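> What follows is the file structure-v4.cif, containing mmCIF, C-alpha atoms:
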```
data_target
#
loop_
_atom_site.label_atom_id
_atom_site.label_comp_id
_atom_site.auth_asym_id
_atom_site.auth_seq_id
_atom_site.Cartn_x
_atom_site.Cartn_y
_atom_site.Cartn_z
CA MET A 550 -22.17 16.71 -11.94
CA LEU A 551 -20.15 16.46 -15.08
CA ASP A 552 -20.36 13.12 -16.80
CA ILE A 553 -16.79 12.63 -17.99
CA ASP A 554 -15.82 9.27 -19.43
CA VAL A 555 -12.10 8.86 -18.82
CA ASP A 556 -10.29 5.65 -19.67
CA HIS A 557 -7.98 5.48 -16.66
CA SER A 558 -5.82 2.71 -18.14
CA GLU A 559 -4.95 4.99 -21.06
CA LEU A 560 -4.18 7.78 -18.60
CA ILE A 561 -1.88 5.48 -16.58
CA GLU A 562 -0.07 4.42 -19.78
CA THR A 563 0.46 8.05 -20.78
CA ARG A 564 1.72 9.06 -17.33
CA TRP A 565 3.86 5.88 -17.04
CA SER A 566 5.53 6.55 -20.40
CA ALA A 567 6.36 10.14 -19.43
CA LEU A 568 8.10 9.18 -16.17
CA LYS A 569 11.88 9.39 -15.94
CA SER A 570 11.96 6.69 -13.26
CA LYS A 571 10.47 3.44 -14.51
CA VAL A 572 11.41 -0.21 -14.76
CA VAL A 573 12.94 -1.39 -18.02
CA LEU A 574 12.45 -5.11 -18.40
CA PRO A 575 15.58 -6.92 -19.58
CA GLY A 576 13.58 -9.32 -21.73
CA ASN A 577 10.50 -9.29 -23.91
CA GLU A 578 7.69 -7.15 -22.43
CA HIS A 579 5.03 -9.13 -24.29
CA ALA A 580 6.27 -12.42 -22.83
CA PHE A 581 6.26 -10.92 -19.31
CA MET A 582 2.78 -9.41 -19.67
CA SER A 583 1.18 -12.52 -21.19
CA ARG A 584 1.42 -14.68 -18.04
CA THR A 585 -2.00 -15.31 -16.47
CA GLY A 586 -3.64 -17.59 -13.92
CA ARG A 587 -2.41 -19.07 -10.68
CA LEU A 588 1.30 -19.25 -9.88
CA PRO A 589 2.62 -22.76 -9.24
CA SER A 590 2.98 -23.47 -5.50
CA LYS A 591 6.23 -24.62 -3.99
CA GLU A 592 6.03 -27.65 -1.73
CA ASP A 593 7.85 -25.90 1.14
CA SER A 594 5.99 -22.59 0.78
CA ARG A 595 4.91 -20.82 3.96
CA ARG A 596 2.42 -18.62 2.13
CA ARG A 597 -1.12 -18.50 3.50
CA TYR A 598 -2.82 -17.65 0.19
CA HIS A 599 -2.30 -18.58 -3.43
CA ARG A 600 -0.74 -16.00 -5.70
CA TYR A 601 -2.06 -15.12 -9.15
CA PHE A 602 -0.30 -13.42 -12.04
CA ALA A 603 -1.36 -9.77 -12.25
CA ARG A 604 0.83 -8.44 -15.05
CA THR A 605 0.20 -4.78 -15.78
CA LYS A 606 1.80 -1.37 -15.49
CA ALA A 607 1.10 0.78 -12.43
CA LEU A 608 2.36 3.93 -10.73
CA LEU A 609 4.30 3.70 -7.47
CA HIS A 610 3.97 6.72 -5.16
CA VAL A 611 6.69 6.87 -2.50
CA ASP A 612 8.19 9.77 -0.57
CA GLY A 613 6.57 12.36 -2.86
CA ASN A 614 7.94 10.75 -6.04
CA THR A 615 6.20 8.69 -8.72
CA HIS A 616 7.82 5.71 -10.45
CA GLY A 617 6.65 3.40 -13.23
CA VAL A 618 6.40 -0.22 -12.08
CA TYR A 619 5.23 -3.57 -13.41
CA LEU A 620 2.93 -5.64 -11.23
CA ARG A 621 3.96 -9.30 -11.05
CA ASP A 622 1.47 -11.14 -8.88
CA MET A 623 -1.19 -10.68 -6.23
CA SER A 624 -2.73 -12.64 -3.37
CA ARG A 625 -5.40 -11.91 -0.78
CA CYS A 626 -2.90 -10.20 1.50
CA GLY A 627 -0.26 -8.66 -0.76
CA ILE A 628 1.23 -7.83 -4.11
CA GLY A 629 4.54 -8.32 -5.92
CA PHE A 630 5.97 -5.77 -8.32
CA LEU A 631 9.13 -4.68 -10.13
CA ALA A 632 10.34 -1.19 -9.20
CA PRO A 633 13.17 1.04 -10.45
CA VAL A 634 14.07 2.09 -6.88
CA GLN A 635 14.97 0.23 -3.73
CA LEU A 636 12.34 0.16 -0.99
CA LEU A 637 13.09 -0.38 2.68
CA PRO A 638 11.36 -2.94 4.89
CA ARG A 639 8.15 -1.56 6.44
CA GLN A 640 8.25 1.49 4.14
CA SER A 641 4.77 2.82 3.31
CA VAL A 642 4.02 3.16 -0.40
CA GLU A 643 0.97 3.51 -2.63
CA LEU A 644 0.26 1.83 -5.97
CA GLU A 645 -2.07 3.44 -8.49
CA LEU A 646 -3.64 0.81 -10.73
CA ALA A 647 -4.90 1.12 -14.30
CA ASP A 648 -8.52 0.98 -13.08
CA GLY A 649 -7.97 4.07 -10.90
CA ARG A 650 -7.75 2.29 -7.55
CA ARG A 651 -5.00 3.30 -5.14
CA LEU A 652 -3.62 0.64 -2.84
CA ALA A 653 -1.89 1.53 0.43
CA LEU A 654 0.94 -0.93 1.03
CA GLN A 655 3.72 -1.69 3.47
CA ASN A 656 6.87 -3.03 1.84
CA VAL A 657 8.02 -6.40 3.17
CA ARG A 658 10.95 -7.23 0.93
CA CYS A 659 13.03 -5.77 -1.88
CA ARG A 660 15.72 -7.62 -3.83
CA ARG A 661 18.00 -6.04 -6.42
CA LEU A 662 17.89 -7.86 -9.76
CA GLY A 663 19.92 -5.34 -11.77
CA PRO A 664 20.48 -1.62 -12.30
CA GLN A 665 17.22 0.22 -11.48
CA TRP A 666 15.45 -3.13 -11.25
CA TYR A 667 14.14 -4.38 -7.90
CA GLU A 668 11.71 -7.18 -7.09
CA CYS A 669 9.47 -5.99 -4.26
CA GLY A 670 6.77 -7.59 -2.17
CA ALA A 671 4.31 -5.63 -0.05
CA THR A 672 1.26 -6.30 2.09
CA PHE A 673 -2.01 -4.41 1.87
CA VAL A 674 -2.57 -1.85 4.62
CA VAL A 675 -6.10 -2.06 5.96
CA PRO A 676 -7.27 1.19 7.55
CA THR A 677 -8.28 0.90 11.18
CA ALA A 678 -11.71 2.08 12.34
CA GLU A 679 -10.04 5.06 14.08
CA ALA A 680 -8.27 6.16 10.87
CA GLN A 681 -11.55 6.17 8.96
CA HIS A 682 -13.16 8.77 11.25
#
```
Before we go any further, please render this structure as structure tokens.

Amino acid sequence: MLDIDVDHSELIETRWSALKSKVVLPGNEHAFMSRTGRLPSKEDSRRRYHRYFARTKALLHVDGNTHGVYLRDMSRCGIGFLAPVQLLPRQSVELELADGRRLALQNVRCRRLGPQWYECGATFVVPTAEAQH
């Protein structure tokens, strides 16, 4: 086997920058990316798990197209991200992270914040035993 040391985060950044379809943050990117730790919980929240800031760039693969997105937060069962395209409820998508992992997701919600700027929330799709064979 070839022993090739590839920094996947650098590869993601290069691919992300070259995309025509990517989110443009309206504010300061550094301020957005610097948030870390646990998100404050709302008293009336119906969420089962705590969410944590997960601010990074990623690639969204949907319907044969690739888009540049910003991850917002993550919990044990799902992930929030900013996308340049609208996603439909229950739409299957895949996120490619900077560490090379690909996450299969099902979109739950998508809210328009501005032109080519949507706040999306999706749950992780866990493969069934039948799908793994």
> For CA of Cys626 in chain A and CA of His599 in chain A, quote the distance in Å rounded to one decimal.
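Between CA of Cys626 in chain A and CA of His599 in chain A the gap works out to 9.7 Å.
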> Please compute the CA of Arg587 in chain A-CA of Arg661 in chain A distance, one decimal, in Å.
24.6 Å
> Using only C-alpha atoms, pick whichever of A:Leu608, A:Leu636, A:Leu568, A:Cys669 has the shortest atom-to-atom distance to Asp622 in chain A.
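Counting only C-alpha atoms, the residue closest to Asp622 in chain A is A:Cys669.
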> So what do you get for CA of Arg604 in chain A versus CA of Glu578 in chain A, distance-wise?
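CA of Arg604 in chain A sits 10.2 Å away from CA of Glu578 in chain A.
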> Return the single residue from A:His579, A:Arg621, A:His616, A:His610 that is closest to Gln640 in chain A, with distances computed using all atoms listed in the file.
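Of all the options, A:His610 lies closest to Gln640 in chain A.
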> Could I get range 608-630 of chain A rebuilt with N, CA and C atoms, written as an mmCIF file, keeping the file's coordinate frame?

```cif
data_model
loop_
_atom_site.group_PDB
_atom_site.id
_atom_site.type_symbol
_atom_site.label_atom_id
_atom_site.label_comp_id
_atom_site.auth_asym_id
_atom_site.auth_seq_id
_atom_site.Cartn_x
_atom_site.Cartn_y
_atom_site.Cartn_z
ATOM 1 N N LEU A 608 1.551 2.822 -11.233
ATOM 2 C CA LEU A 608 2.360 3.930 -10.730
ATOM 3 C C LEU A 608 2.631 3.707 -9.254
ATOM 4 N N LEU A 609 3.888 3.829 -8.862
ATOM 5 C CA LEU A 609 4.300 3.700 -7.470
ATOM 6 C C LEU A 609 4.519 5.101 -6.912
ATOM 7 N N HIS A 610 3.812 5.426 -5.837
ATOM 8 C CA HIS A 610 3.970 6.720 -5.160
ATOM 9 C C HIS A 610 4.696 6.464 -3.849
ATOM 10 N N VAL A 611 5.888 7.053 -3.714
ATOM 11 C CA VAL A 611 6.690 6.870 -2.500
ATOM 12 C C VAL A 611 7.509 8.129 -2.231
ATOM 13 N N ASP A 612 7.425 8.596 -1.012
ATOM 14 C CA ASP A 612 8.190 9.770 -0.570
ATOM 15 C C ASP A 612 8.038 10.968 -1.505
ATOM 16 N N GLY A 613 6.830 11.205 -2.004
ATOM 17 C CA GLY A 613 6.570 12.360 -2.860
ATOM 18 C C GLY A 613 7.004 12.185 -4.306
ATOM 19 N N ASN A 614 7.499 11.023 -4.667
ATOM 20 C CA ASN A 614 7.940 10.750 -6.040
ATOM 21 C C ASN A 614 7.058 9.670 -6.660
ATOM 22 N N THR A 615 6.978 9.689 -7.985
ATOM 23 C CA THR A 615 6.200 8.690 -8.720
ATOM 24 C C THR A 615 7.135 7.923 -9.645
ATOM 25 N N HIS A 616 6.981 6.590 -9.642
ATOM 26 C CA HIS A 616 7.820 5.710 -10.450
ATOM 27 C C HIS A 616 6.930 4.758 -11.242
ATOM 28 N N GLY A 617 7.367 4.381 -12.425
ATOM 29 C CA GLY A 617 6.650 3.400 -13.230
ATOM 30 C C GLY A 617 7.076 1.995 -12.845
ATOM 31 N N VAL A 618 6.103 1.147 -12.509
ATOM 32 C CA VAL A 618 6.400 -0.220 -12.080
ATOM 33 C C VAL A 618 5.573 -1.217 -12.895
ATOM 34 N N TYR A 619 5.996 -2.458 -12.846
ATOM 35 C CA TYR A 619 5.230 -3.570 -13.410
ATOM 36 C C TYR A 619 4.736 -4.420 -12.242
ATOM 37 N N LEU A 620 3.444 -4.692 -12.209
ATOM 38 C CA LEU A 620 2.930 -5.640 -11.230
ATOM 39 C C LEU A 620 3.308 -7.035 -11.695
ATOM 40 N N ARG A 621 3.594 -7.909 -10.732
ATOM 41 C CA ARG A 621 3.960 -9.300 -11.050
ATOM 42 C C ARG A 621 2.842 -10.258 -10.667
ATOM 43 N N ASP A 622 2.464 -10.196 -9.389
ATOM 44 C CA ASP A 622 1.470 -11.140 -8.880
ATOM 45 C C ASP A 622 0.751 -10.528 -7.684
ATOM 46 N N MET A 623 -0.356 -11.188 -7.309
ATOM 47 C CA MET A 623 -1.190 -10.680 -6.230
ATOM 48 C C MET A 623 -1.817 -11.843 -5.487
ATOM 49 N N SER A 624 -2.002 -11.666 -4.182
ATOM 50 C CA SER A 624 -2.730 -12.640 -3.370
ATOM 51 C C SER A 624 -3.747 -11.871 -2.529
ATOM 52 N N ARG A 625 -4.412 -12.564 -1.632
ATOM 53 C CA ARG A 625 -5.400 -11.910 -0.780
ATOM 54 C C ARG A 625 -4.775 -10.915 0.189
ATOM 55 N N CYS A 626 -3.491 -11.082 0.501
ATOM 56 C CA CYS A 626 -2.900 -10.200 1.500
ATOM 57 C C CYS A 626 -1.772 -9.315 0.978
ATOM 58 N N GLY A 627 -1.360 -9.480 -0.283
ATOM 59 C CA GLY A 627 -0.260 -8.660 -0.760
ATOM 60 C C GLY A 627 -0.085 -8.690 -2.258
ATOM 61 N N ILE A 628 0.994 -8.008 -2.683
ATOM 62 C CA ILE A 628 1.230 -7.830 -4.110
ATOM 63 C C ILE A 628 2.736 -7.803 -4.372
ATOM 64 N N GLY A 629 3.148 -8.360 -5.503
ATOM 65 C CA GLY A 629 4.540 -8.320 -5.920
ATOM 66 C C GLY A 629 4.678 -7.423 -7.137
ATOM 67 N N PHE A 630 5.765 -6.676 -7.203
ATOM 68 C CA PHE A 630 5.970 -5.770 -8.320
ATOM 69 C C PHE A 630 7.451 -5.531 -8.563
#
```
